[in-house]
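Chemist: I'm passing along final.csv; it holds CSV, C-alpha atoms.
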chain,number,residue,atom,x,y,z
A,1,MET,CA,31.6,-1.6,-0.7
A,2,VAL,CA,32.9,1.8,0.5
A,3,ARG,CA,30.9,3.1,3.4
A,4,PRO,CA,29.9,6.8,3.1
A,5,ALA,CA,31.4,9.2,5.6
A,6,LEU,CA,29.0,9.8,8.5
A,7,ALA,CA,29.3,13.6,8.3
A,8,ALA,CA,28.5,13.5,4.5
A,9,SER,CA,25.5,11.2,5.2
A,10,ARG,CA,24.2,13.6,7.8
A,11,ALA,CA,24.6,16.6,5.5
A,12,LEU,CA,22.6,14.8,2.8
A,13,SER,CA,19.9,14.0,5.3
A,14,VAL,CA,19.7,17.7,6.2
A,15,LEU,CA,19.5,18.8,2.5
A,16,ASP,CA,16.9,16.1,1.7
A,17,HIS,CA,14.8,17.2,4.6
A,18,PHE,CA,14.8,20.8,3.4
A,19,ALA,CA,14.2,19.8,-0.2
A,20,ALA,CA,11.1,18.0,1.0
A,21,HIS,CA,9.9,21.2,2.9
A,22,PRO,CA,11.4,24.1,0.9
A,23,GLU,CA,9.3,26.8,2.4
A,24,GLN,CA,9.9,25.8,6.1
A,25,SER,CA,12.5,26.9,8.5
A,26,TYR,CA,13.7,24.7,11.4
A,27,SER,CA,15.5,25.2,14.7
A,28,LEU,CA,18.4,23.0,15.7
A,29,SER,CA,16.3,21.0,18.1
A,30,GLU,CA,13.5,20.5,15.5
A,31,LEU,CA,16.0,19.1,13.0
A,32,SER,CA,17.7,17.0,15.6
A,33,LYS,CA,14.4,15.3,16.4
A,34,ALA,CA,13.3,14.9,12.8
A,35,LEU,CA,16.6,13.4,11.6
A,36,ASP,CA,17.6,11.6,14.8
A,37,ILE,CA,21.1,13.3,14.9
A,38,ASN,CA,22.6,14.5,18.1
A,39,LEU,CA,22.7,18.2,18.7
A,40,ALA,CA,26.5,18.6,18.7
A,41,SER,CA,27.0,16.6,15.4
A,42,LEU,CA,24.1,18.3,13.7
A,43,LEU,CA,25.4,21.8,14.7
A,44,SER,CA,28.7,21.1,13.0
A,45,VAL,CA,26.9,19.9,9.8
A,46,LEU,CA,24.6,23.0,9.8
A,47,GLN,CA,27.6,25.3,10.3
A,48,SER,CA,29.3,23.8,7.2
A,49,LEU,CA,26.2,24.0,5.1
A,50,THR,CA,25.6,27.6,6.2
A,51,ASP,CA,29.2,28.7,5.5
A,52,ALA,CA,28.8,27.3,2.0
A,53,GLY,CA,25.5,29.1,1.3
A,54,TYR,CA,23.4,25.9,1.1
A,55,LEU,CA,21.5,27.0,4.2
A,56,VAL,CA,20.8,30.4,5.8
A,57,ARG,CA,20.4,31.0,9.5
A,58,HIS,CA,17.9,33.6,10.7
A,59,PRO,CA,19.7,36.1,13.0
A,60,ARG,CA,16.9,36.4,15.5
A,61,ARG,CA,14.9,33.3,15.4
A,62,LYS,CA,18.0,31.1,15.0
A,63,THR,CA,16.2,28.9,12.5
A,64,TYR,CA,17.6,27.4,9.3
A,65,GLY,CA,16.3,27.5,5.8
A,66,LEU,CA,17.4,26.9,2.2
A,67,GLY,CA,20.2,29.1,0.9
A,68,MET,CA,21.0,30.6,-2.4
A,69,SER,CA,23.8,28.1,-3.4
A,70,LEU,CA,21.1,25.5,-3.9
A,71,VAL,CA,19.5,27.7,-6.6
A,72,ALA,CA,22.6,27.4,-8.6
A,73,ALA,CA,22.8,23.7,-8.0
A,74,GLY,CA,19.2,23.2,-8.9
A,75,HIS,CA,19.6,25.2,-12.1
A,76,ALA,CA,22.7,23.2,-13.0
A,77,ALA,CA,20.8,19.9,-12.4
A,78,LEU,CA,17.9,21.0,-14.6
A,79,THR,CA,20.4,21.9,-17.3
A,80,ARG,CA,21.9,18.5,-17.1
A,81,HIS,CA,18.4,16.8,-16.9
A,82,ARG,CA,16.3,18.9,-19.3
A,83,VAL,CA,13.9,16.0,-19.7
A,84,VAL,CA,12.4,16.9,-16.3
A,85,ASP,CA,11.4,20.3,-17.6
A,86,ARG,CA,10.0,18.8,-20.7
A,87,ALA,CA,8.0,16.3,-18.6
A,88,ARG,CA,6.5,19.1,-16.6
A,89,ARG,CA,5.2,20.8,-19.8
A,90,GLU,CA,3.7,17.5,-21.1
A,91,LEU,CA,2.0,16.7,-17.8
A,92,ARG,CA,0.7,20.3,-17.4
A,93,LEU,CA,-1.2,19.7,-20.6
A,94,LEU,CA,-2.5,16.3,-19.4
A,95,ALA,CA,-3.5,17.8,-16.1
A,96,ALA,CA,-5.5,20.6,-17.8
A,97,GLU,CA,-7.3,18.0,-20.0
A,98,SER,CA,-8.1,15.5,-17.2
A,99,GLY,CA,-8.6,17.8,-14.2
A,100,CYS,CA,-6.3,15.8,-11.9
A,101,ALA,CA,-2.7,16.1,-10.9
A,102,TYR,CA,0.4,14.6,-12.5
A,103,VAL,CA,3.7,13.8,-10.9
A,104,VAL,CA,7.3,13.3,-12.2
A,105,SER,CA,9.3,11.1,-10.0
A,106,ALA,CA,12.6,9.1,-9.9
A,107,VAL,CA,14.3,6.5,-7.7
A,108,ALA,CA,17.2,7.7,-5.5
A,109,GLY,CA,18.6,5.0,-3.3
A,110,ASP,CA,15.9,3.5,-1.3
A,111,SER,CA,13.4,6.3,-2.0
A,112,ILE,CA,11.1,7.6,-4.6
A,113,VAL,CA,11.7,11.3,-5.0
A,114,VAL,CA,9.0,13.6,-6.4
A,115,LEU,CA,10.6,16.0,-8.9
A,116,ALA,CA,7.6,18.0,-10.0
A,117,VAL,CA,3.8,18.2,-9.5
A,118,GLU,CA,1.5,19.7,-12.1
A,119,GLY,CA,-2.3,20.2,-11.8
A,120,ARG,CA,-4.6,20.3,-8.8
A,121,LEU,CA,-4.8,17.5,-6.2
A,122,SER,CA,-8.2,16.4,-5.1
A,123,GLY,CA,-9.4,16.6,-1.5
A,124,ARG,CA,-9.3,12.8,-1.2
A,125,THR,CA,-5.7,12.5,-2.4
A,126,PRO,CA,-2.8,12.5,0.2
A,127,GLU,CA,-0.7,15.5,-0.1
A,128,VAL,CA,2.2,15.3,-2.5
A,129,TRP,CA,4.8,17.9,-3.4
A,130,ALA,CA,8.1,18.4,-5.2
A,131,GLY,CA,11.0,17.3,-3.1
A,132,GLN,CA,8.9,14.7,-1.2
A,133,ARG,CA,10.6,11.3,-0.5
A,134,LEU,CA,8.6,8.2,-0.3
A,135,PRO,CA,10.1,4.8,0.8
A,136,LEU,CA,10.6,2.4,-2.1
A,137,LEU,CA,8.8,-0.5,-0.4
A,138,PRO,CA,6.8,-3.3,-2.1
A,139,PRO,CA,4.4,-3.0,-3.8
A,140,LEU,CA,5.1,0.8,-4.1
A,141,GLY,CA,7.2,1.5,-7.1
A,142,GLN,CA,6.1,-1.4,-9.3
A,143,VAL,CA,6.5,0.9,-12.3
A,144,PHE,CA,10.2,1.2,-11.4
A,145,LEU,CA,10.8,-2.4,-10.5
A,146,ALA,CA,8.7,-4.4,-13.0
A,147,TRP,CA,11.6,-4.5,-15.6
A,148,SER,CA,14.4,-5.1,-13.0
A,149,GLY,CA,16.5,-8.1,-12.6
A,150,PRO,CA,16.2,-10.6,-9.7
A,151,GLY,CA,18.9,-8.9,-7.7
A,152,GLU,CA,17.1,-5.5,-7.7
A,153,ILE,CA,13.8,-7.1,-6.9
A,154,ARG,CA,15.4,-9.0,-4.1
A,155,ARG,CA,16.7,-5.8,-2.5
A,156,TRP,CA,13.3,-4.3,-2.9
A,157,LEU,CA,11.6,-7.1,-1.0
A,158,ASP,CA,14.3,-7.1,1.7
A,159,ARG,CA,13.2,-3.6,2.6
A,160,ILE,CA,10.0,-5.1,4.0
A,161,GLY,CA,11.8,-8.1,5.6
A,162,PRO,CA,15.1,-9.9,4.8
A,163,GLY,CA,14.4,-13.1,2.9
A,164,MET,CA,10.8,-12.2,2.1
A,165,ARG,CA,9.5,-14.3,-0.8
A,166,LEU,CA,8.0,-12.6,-3.8
A,167,PRO,CA,4.2,-12.9,-3.2
A,168,ALA,CA,2.4,-14.5,-6.1
A,169,HIS,CA,0.0,-11.6,-6.5
A,170,LEU,CA,2.9,-9.1,-6.7
A,171,ASP,CA,4.6,-11.3,-9.3
A,172,THR,CA,1.4,-11.3,-11.3
A,173,ALA,CA,1.0,-7.6,-10.9
A,174,MET,CA,4.5,-6.8,-12.2
A,175,SER,CA,4.0,-9.1,-15.1
A,176,ALA,CA,0.9,-7.2,-16.0
A,177,VAL,CA,2.8,-3.9,-15.8
A,178,ARG,CA,5.6,-5.2,-18.0
A,179,GLY,CA,3.1,-6.5,-20.6
A,180,ARG,CA,1.1,-3.4,-21.1
A,181,GLY,CA,3.7,-0.8,-20.1
A,182,TRP,CA,1.8,1.0,-17.3
A,183,SER,CA,0.6,0.6,-13.8
A,184,ALA,CA,-2.9,1.4,-12.3
A,185,ASN,CA,-3.4,1.2,-8.5
A,186,ARG,CA,-6.8,1.0,-6.9
A,187,ASP,CA,-8.0,3.5,-4.4
A,188,THR,CA,-8.9,1.5,-1.2
A,189,PRO,CA,-9.1,2.4,2.5
A,190,GLY,CA,-5.8,0.7,3.0
A,191,ARG,CA,-4.1,2.8,0.3
A,192,THR,CA,-5.6,5.9,1.8
A,193,ALA,CA,-4.1,5.0,5.2
A,194,LEU,CA,-0.8,4.3,3.6
A,195,GLY,CA,-0.8,7.7,1.8
A,196,GLU,CA,-1.4,9.5,5.1
A,197,ALA,CA,1.4,7.5,6.8
A,198,LEU,CA,3.8,8.3,4.0
A,199,VAL,CA,3.1,12.0,4.4
A,200,ARG,CA,4.0,11.8,8.1
A,201,LEU,CA,7.1,9.8,7.3
A,202,SER,CA,8.3,12.6,5.1
A,203,ASP,CA,8.3,14.8,8.2
A,204,LEU,CA,10.0,12.2,10.4
A,205,PRO,CA,12.0,10.0,8.1
A,206,GLN,CA,14.0,8.3,10.9
A,207,ASP,CA,11.0,7.4,13.1
A,208,ALA,CA,11.3,3.7,13.5
A,209,ARG,CA,7.7,3.2,14.7
A,210,LEU,CA,6.3,5.1,11.7
A,211,ARG,CA,8.5,3.1,9.3
A,212,ARG,CA,7.1,-0.1,10.8
A,213,ARG,CA,3.6,1.3,10.4
A,214,VAL,CA,4.3,2.0,6.7
A,215,ALA,CA,5.7,-1.5,6.2
A,216,ASP,CA,2.7,-3.1,7.8
A,217,LEU,CA,0.3,-1.0,5.7
A,218,VAL,CA,2.2,-1.9,2.5
A,219,THR,CA,2.1,-5.6,3.4
A,220,ALA,CA,-1.6,-5.5,4.1
A,221,LEU,CA,-2.6,-3.8,0.7
A,222,GLY,CA,-3.6,-7.2,-0.7
A,223,ASP,CA,-4.1,-8.8,-4.0
A,224,ASP,CA,-6.2,-6.1,-5.6
A,225,TYR,CA,-3.7,-3.3,-5.3
A,226,GLU,CA,-2.9,-3.4,-9.1
A,227,VAL,CA,-5.7,-3.4,-11.7
A,228,LEU,CA,-4.8,-6.6,-13.6
A,229,ARG,CA,-7.5,-6.5,-16.3
A,230,VAL,CA,-9.5,-3.5,-17.5
A,231,GLU,CA,-13.1,-3.9,-18.5
A,232,PRO,CA,-14.2,-0.9,-20.7
A,233,ALA,CA,-17.7,-0.7,-19.1
A,234,GLU,CA,-16.6,-1.2,-15.5
A,235,ARG,CA,-16.0,1.8,-13.1
A,236,TYR,CA,-12.7,2.3,-11.4
A,237,ARG,CA,-11.4,4.4,-8.5
A,238,LEU,CA,-7.7,4.7,-8.8
A,239,THR,CA,-5.1,6.3,-6.5
A,240,THR,CA,-2.4,6.4,-9.3
A,241,LEU,CA,-1.9,5.7,-13.0
A,242,SER,CA,1.8,5.5,-14.0
A,243,ALA,CA,4.0,4.9,-17.0
A,244,PRO,CA,7.9,4.7,-17.2
A,245,VAL,CA,10.3,6.8,-19.1
A,246,PHE,CA,13.2,4.5,-20.1
A,247,ASP,CA,16.8,5.7,-20.5
A,248,GLN,CA,19.4,4.6,-23.1
A,249,HIS,CA,20.2,1.5,-21.1
A,250,GLY,CA,16.6,0.4,-20.8
A,251,ASN,CA,16.3,1.4,-17.2
A,252,VAL,CA,13.4,3.4,-15.8
A,253,ALA,CA,14.7,6.9,-15.5
A,254,LEU,CA,11.5,8.6,-14.6
A,255,ALA,CA,7.9,7.8,-13.8
A,256,LEU,CA,4.9,9.9,-15.0
A,257,THR,CA,2.0,9.4,-12.6
A,258,GLY,CA,-1.6,10.7,-12.6
A,259,THR,CA,-3.1,11.0,-9.1
A,260,GLY,CA,-6.4,12.2,-7.7
A,261,LEU,CA,-8.4,10.8,-10.7
A,262,PRO,CA,-12.2,10.9,-10.4
A,263,GLU,CA,-14.0,7.6,-10.7
A,264,ILE,CA,-13.7,6.6,-14.4
A,265,SER,CA,-14.8,4.0,-16.8
A,266,GLY,CA,-12.5,1.3,-18.0
A,267,ALA,CA,-12.6,2.9,-21.5
A,268,ARG,CA,-11.5,6.2,-20.0
A,269,LEU,CA,-8.7,4.5,-18.0
A,270,LEU,CA,-7.3,2.9,-21.2
A,271,ALA,CA,-7.5,6.2,-23.0
A,272,LEU,CA,-5.6,8.0,-20.2
A,273,ALA,CA,-3.0,5.2,-20.0
A,274,GLY,CA,-2.5,5.5,-23.8
A,275,GLN,CA,-1.9,9.3,-23.5
A,276,LEU,CA,0.5,8.7,-20.6
A,277,ILE,CA,2.5,6.1,-22.6
A,278,THR,CA,2.7,8.4,-25.6
A,279,ARG,CA,4.2,11.2,-23.5
A,280,ALA,CA,6.6,8.8,-21.8
A,281,ARG,CA,7.8,7.4,-25.1
A,282,SER,CA,8.3,10.9,-26.5
A,283,LEU,CA,10.4,11.9,-23.5
A,284,ALA,CA,12.4,8.7,-23.7
A,285,SER,CA,13.2,9.4,-27.4
A,286,GLU,CA,14.7,12.8,-26.3
A,287,ILE,CA,17.3,11.0,-24.1
A,288,GLY,CA,17.9,8.1,-26.4
A,289,GLY,CA,15.8,5.9,-24.3
A,290,ARG,CA,14.6,2.4,-25.3
A,291,PRO,CA,12.4,-0.3,-23.7
A,292,PRO,CA,14.5,-3.0,-22.1
A,293,GLU,CA,14.8,-6.5,-23.3
A,294,VAL,CA,12.8,-8.5,-20.9
A,295,ASN,CA,14.4,-11.8,-20.0
A,296,GLY,CA,14.1,-14.1,-17.1
A,297,HIS,CA,10.7,-12.9,-15.8
How does the structure come out when it is put into structure tokens?

Modeler:
Amino acid sequence: MVRPALAASRALSVLDHFAAHPEQSYSLSELSKALDINLASLLSVLQSLTDAGYLVRHPRRKTYGLGMSLVAAGHAALTRHRVVDRARRELRLLAAESGCAYVVSAVAGDSIVVLAVEGRLSGRTPEVWAGQRLPLLPPLGQVFLAWSGPGEIRRWLDRIGPGMRLPAHLDTAMSAVRGRGWSANRDTPGRTALGEALVRLSDLPQDARLRRRVADLVTALGDDYEVLRVEPAERYRLTTLSAPVFDQHGNVALALTGTGLPEISGARLLALAGQLITRARSLASEIGGRPPEVNGH
């Protein structure tokens, strides 16, 4: 496998950091600390990005921010991936009906990238914003991995610890997600703590202690993270409700996720899940998407 050039990897880290904090400006030392890149190497990367217009440098404060070249790049990307804009419109309607927020996300490497947020987040919901990157660690991202083959699931598990076995409760949860086509995660104290740690990790993505903290919290989520069976009369407090948008190869291209839901009945949960699946299937049809053939699970 070809290893990426170090300078290119550093430039991507810089752009990812700014994409996650689009309204912020940072000094050289602040970026160096956040990204764990030495000052001399980082200065060279920043100079190249500034020369190309991807970043701008404030003449007095000596801080860096996003440049105009990224506007053109972003517009081109949305032109290529029009389904994201359509997803935003669909989720805006759902958000207005349900009073919660909806998120469009995708997997990029070992991260889940938030592409858009529609609606209003509740006070008890960890902050989420477009451009945010969350680590793709088990059991996070079940809606992306539930239809994957053994190799992809193996790599997912290895992000917690090399050689980690697939826990029985996680295998059961992913089977439930595959069977019904959506994922519902309970709102627990452990999940709240994880959400707060993930927000901090977005600011300090290279912080080894924080990454270990996130891994520990993920591992400790327990067997009841995923709602396996919904009873219509029971009450549920959820942190997320997600459905996949499949591409033409049967892979999960996007996830549509409701977050900040109030406590709801099982009947209401099933109704919201049905609405989300309907939107997801409509979006999939626009890109020639199809559900995968599930074998070997």

Chemist: Calculated over all atoms listed in the file, which of the candidates A:Arg279, A:Arg92, A:Arg60, A:Arg159 has the smallest distance to Arg211 (chain A)?

Modeler: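 Residue with the minimum atom-to-atom distance to Arg211 (chain A): A:Arg159.
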
Chemist: How many Å separate CA of Gly179 (chain A) from CA of Val214 (chain A)?

Modeler: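 If I compute the distance from CA of Gly179 (chain A) to CA of Val214 (chain A), I get 28.6 Å.
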
Chemist: Of the candidates A:Thr192, A:Ser32, A:Asn251, A:Thr278, which shows the shortest atom-to-atom distance to Arg290 (chain A), using all atoms listed in the file?

Modeler: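 Answer, going by the shortest atom-to-atom distance: A:Asn251.
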
Chemist: What separation in Å, quoted to one decimal, exists between CA of Val117 (chain A) and CA of Ala253 (chain A)?

Modeler: 16.8 Å

Chemist: Quick one: everything within 8 Å of Gly181 (chain A), counting only C-alpha atoms, minus sequence neighbours fewer than 4 positions away in the same chain. Send it as an mmCIF file with C-alpha atoms, in the coordinates of the input.

Modeler:
data_model
loop_
_atom_site.group_PDB
_atom_site.id
_atom_site.type_symbol
_atom_site.label_atom_id
_atom_site.label_comp_id
_atom_site.auth_asym_id
_atom_site.auth_seq_id
_atom_site.Cartn_x
_atom_site.Cartn_y
_atom_site.Cartn_z
ATOM 1 C CA VAL A 177 2.800 -3.900 -15.800
ATOM 2 C CA ALA A 243 4.000 4.900 -17.000
ATOM 3 C CA PRO A 244 7.900 4.700 -17.200
ATOM 4 C CA ILE A 277 2.500 6.100 -22.600
#

Chemist: Around the point (5.9, -6.0, 4.3) (coordinates from the file), which residues reach within 12 Å if we count all atoms listed in the file? Answer as a PyMOL selection string.

Modeler: chain A and resi 136-140+156-167+170+211-222

Chemist: For the point (-2.9, 18.7, -19.7) in file coordinates, what residues are within 12 Å, counting all atoms listed in the file? Give the answer as an MDAnalysis selection string?

Modeler: chainID A and resid 87:102 118:120 258 272 275:276 279

Chemist: Calculated over only C-alpha atoms, which of the candidates A:Ser265, A:Ser202, A:Thr172, A:Thr259 has the smallest distance to Tyr236 (chain A)?

Modeler: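 Using only C-alpha atoms, the shortest distance to Tyr236 (chain A) belongs to A:Ser265.
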
Chemist: Using only C-alpha atoms, find each residue of region 158-259 of chain A with at least one atom at most 9 Å away from an atom of region 34-47 of chain A; report its shortest atom-to-atom pair and that distance in Å (one decimal), sort the rows by chain and rising residue number, and return the result as a Markdown table.

Modeler:
| residue | atom | partner | partner_atom | distance |
| --- | --- | --- | --- | --- |
| A:Asp203 | CA | A:Ala34 | CA | 6.8 |
| A:Leu204 | CA | A:Ala34 | CA | 4.9 |
| A:Pro205 | CA | A:Leu35 | CA | 6.7 |
| A:Gln206 | CA | A:Leu35 | CA | 5.8 |
| A:Asp207 | CA | A:Ala34 | CA | 7.9 |

Chemist: Using Å and a single decimal, report how far CA of Leu210 (chain A) sits from CA of Thr188 (chain A).

Modeler: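 Answer for the CA of Thr188 (chain A) to CA of Leu210 (chain A) separation: 20.3 Å.
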
Chemist: Please provide the set of residues having any atom within 7 Å of Ile112 (chain A), restricted to all atoms listed in the file, with same-chain residues fewer than 2 positions apart removed, written as a ChimeraX atom specification.

Modeler: /A:105-108,114,133-136

Chemist: Return the single residue from A:Ala208, A:Ile264, A:Ala8, A:Ala72 that is closest to Arg237 (chain A), with distances computed using all atoms listed in the file.

Modeler: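 For Arg237 (chain A), the nearest of the candidates is A:Ile264.
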
Chemist: Kindly indicate which residue among A:His249, A:Arg180, A:His17, A:Arg80 lies nearest to Leu31 (chain A), using only C-alpha atoms for the distances.

Modeler: A:His17

Chemist: Go through A:Arg209, A:Ala255, A:Gly266, A:Leu121 one by one, measure the shortest atom-to-atom distance of each to Leu145 (chain A) using all atoms listed in the file, and give the residue with the smallest value.

Modeler: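 Closest to Leu145 (chain A) of all the choices is A:Ala255.
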
Chemist: Set the distance at 12 Å and use all atoms listed in the file: which residues neighbour Val227 (chain A) once local chain neighbours fewer than 2 positions away are removed? I'd like the list as a ChimeraX atom specification.

Modeler: /A:169-170,172-177,180,182-187,222-225,229-231,234-242,266,269-270

Chemist: Taking only N, CA and C atoms, show region 10-33 of chain A of the given structure as a PDB file, in the first residue's frame.

Modeler:
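What follows is the written file decode.pdb:
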ATOM      1  N   ARG A  10      -0.288  16.356   6.396  1.00  0.00           N
ATOM      2  CA  ARG A  10      -0.369  17.508   7.290  1.00  0.00           C
ATOM      3  C   ARG A  10      -1.294  18.586   6.738  1.00  0.00           C
ATOM      4  N   ALA A  11      -1.235  18.801   5.435  1.00  0.00           N
ATOM      5  CA  ALA A  11      -2.123  19.795   4.822  1.00  0.00           C
ATOM      6  C   ALA A  11      -3.585  19.389   4.984  1.00  0.00           C
ATOM      7  N   LEU A  12      -3.860  18.097   4.823  1.00  0.00           N
ATOM      8  CA  LEU A  12      -5.231  17.619   4.997  1.00  0.00           C
ATOM      9  C   LEU A  12      -5.687  17.770   6.445  1.00  0.00           C
ATOM     10  N   SER A  13      -4.780  17.517   7.384  1.00  0.00           N
ATOM     11  CA  SER A  13      -5.126  17.694   8.798  1.00  0.00           C
ATOM     12  C   SER A  13      -5.489  19.145   9.091  1.00  0.00           C
ATOM     13  N   VAL A  14      -4.729  20.067   8.501  1.00  0.00           N
ATOM     14  CA  VAL A  14      -5.012  21.494   8.686  1.00  0.00           C
ATOM     15  C   VAL A  14      -6.389  21.836   8.124  1.00  0.00           C
ATOM     16  N   LEU A  15      -6.669  21.389   6.899  1.00  0.00           N
ATOM     17  CA  LEU A  15      -7.953  21.709   6.276  1.00  0.00           C
ATOM     18  C   LEU A  15      -9.114  21.061   7.026  1.00  0.00           C
ATOM     19  N   ASP A  16      -8.922  19.827   7.489  1.00  0.00           N
ATOM     20  CA  ASP A  16      -9.972  19.170   8.270  1.00  0.00           C
ATOM     21  C   ASP A  16     -10.262  19.946   9.552  1.00  0.00           C
ATOM     22  N   HIS A  17      -9.214  20.457  10.179  1.00  0.00           N
ATOM     23  CA  HIS A  17      -9.387  21.211  11.424  1.00  0.00           C
ATOM     24  C   HIS A  17     -10.190  22.486  11.170  1.00  0.00           C
ATOM     25  N   PHE A  18      -9.858  23.183  10.103  1.00  0.00           N
ATOM     26  CA  PHE A  18     -10.601  24.409   9.789  1.00  0.00           C
ATOM     27  C   PHE A  18     -12.027  24.095   9.339  1.00  0.00           C
ATOM     28  N   ALA A  19     -12.215  22.983   8.630  1.00  0.00           N
ATOM     29  CA  ALA A  19     -13.567  22.608   8.207  1.00  0.00           C
ATOM     30  C   ALA A  19     -14.454  22.323   9.412  1.00  0.00           C
ATOM     31  N   ALA A  20     -13.855  21.798  10.484  1.00  0.00           N
ATOM     32  CA  ALA A  20     -14.613  21.517  11.700  1.00  0.00           C
ATOM     33  C   ALA A  20     -14.865  22.765  12.534  1.00  0.00           C
ATOM     34  N   HIS A  21     -14.118  23.841  12.263  1.00  0.00           N
ATOM     35  CA  HIS A  21     -14.263  25.098  13.016  1.00  0.00           C
ATOM     36  C   HIS A  21     -14.226  26.266  12.025  1.00  0.00           C
ATOM     37  N   PRO A  22     -15.206  26.347  11.127  1.00  0.00           N
ATOM     38  CA  PRO A  22     -15.129  27.282  10.000  1.00  0.00           C
ATOM     39  C   PRO A  22     -15.103  28.756  10.377  1.00  0.00           C
ATOM     40  N   GLU A  23     -15.636  29.113  11.525  1.00  0.00           N
ATOM     41  CA  GLU A  23     -15.697  30.529  11.897  1.00  0.00           C
ATOM     42  C   GLU A  23     -14.516  30.960  12.764  1.00  0.00           C
ATOM     43  N   GLN A  24     -13.616  30.029  13.054  1.00  0.00           N
ATOM     44  CA  GLN A  24     -12.499  30.331  13.947  1.00  0.00           C
ATOM     45  C   GLN A  24     -11.235  30.678  13.163  1.00  0.00           C
ATOM     46  N   SER A  25     -10.366  31.442  13.804  1.00  0.00           N
ATOM     47  CA  SER A  25      -9.024  31.714  13.289  1.00  0.00           C
ATOM     48  C   SER A  25      -8.024  31.231  14.330  1.00  0.00           C
ATOM     49  N   TYR A  26      -6.874  30.757  13.867  1.00  0.00           N
ATOM     50  CA  TYR A  26      -5.888  30.171  14.773  1.00  0.00           C
ATOM     51  C   TYR A  26      -4.497  30.698  14.465  1.00  0.00           C
ATOM     52  N   SER A  27      -3.712  30.835  15.516  1.00  0.00           N
ATOM     53  CA  SER A  27      -2.310  31.205  15.346  1.00  0.00           C
ATOM     54  C   SER A  27      -1.502  29.955  15.015  1.00  0.00           C
ATOM     55  N   LEU A  28      -0.275  30.163  14.609  1.00  0.00           N
ATOM     56  CA  LEU A  28       0.614  29.047  14.295  1.00  0.00           C
ATOM     57  C   LEU A  28       0.772  28.132  15.502  1.00  0.00           C
ATOM     58  N   SER A  29       0.990  28.705  16.671  1.00  0.00           N
ATOM     59  CA  SER A  29       1.208  27.884  17.868  1.00  0.00           C
ATOM     60  C   SER A  29      -0.053  27.122  18.259  1.00  0.00           C
ATOM     61  N   GLU A  30      -1.224  27.732  18.099  1.00  0.00           N
ATOM     62  CA  GLU A  30      -2.474  27.043  18.429  1.00  0.00           C
ATOM     63  C   GLU A  30      -2.696  25.844  17.512  1.00  0.00           C
ATOM     64  N   LEU A  31      -2.420  26.019  16.230  1.00  0.00           N
ATOM     65  CA  LEU A  31      -2.564  24.906  15.291  1.00  0.00           C
ATOM     66  C   LEU A  31      -1.543  23.815  15.572  1.00  0.00           C
ATOM     67  N   SER A  32      -0.334  24.213  15.906  1.00  0.00           N
ATOM     68  CA  SER A  32       0.717  23.240  16.204  1.00  0.00           C
ATOM     69  C   SER A  32       0.314  22.360  17.379  1.00  0.00           C
ATOM     70  N   LYS A  33      -0.252  22.973  18.413  1.00  0.00           N
ATOM     71  CA  LYS A  33      -0.682  22.210  19.587  1.00  0.00           C
ATOM     72  C   LYS A  33      -1.862  21.303  19.263  1.00  0.00           C
TER      73      LYS A  33
END
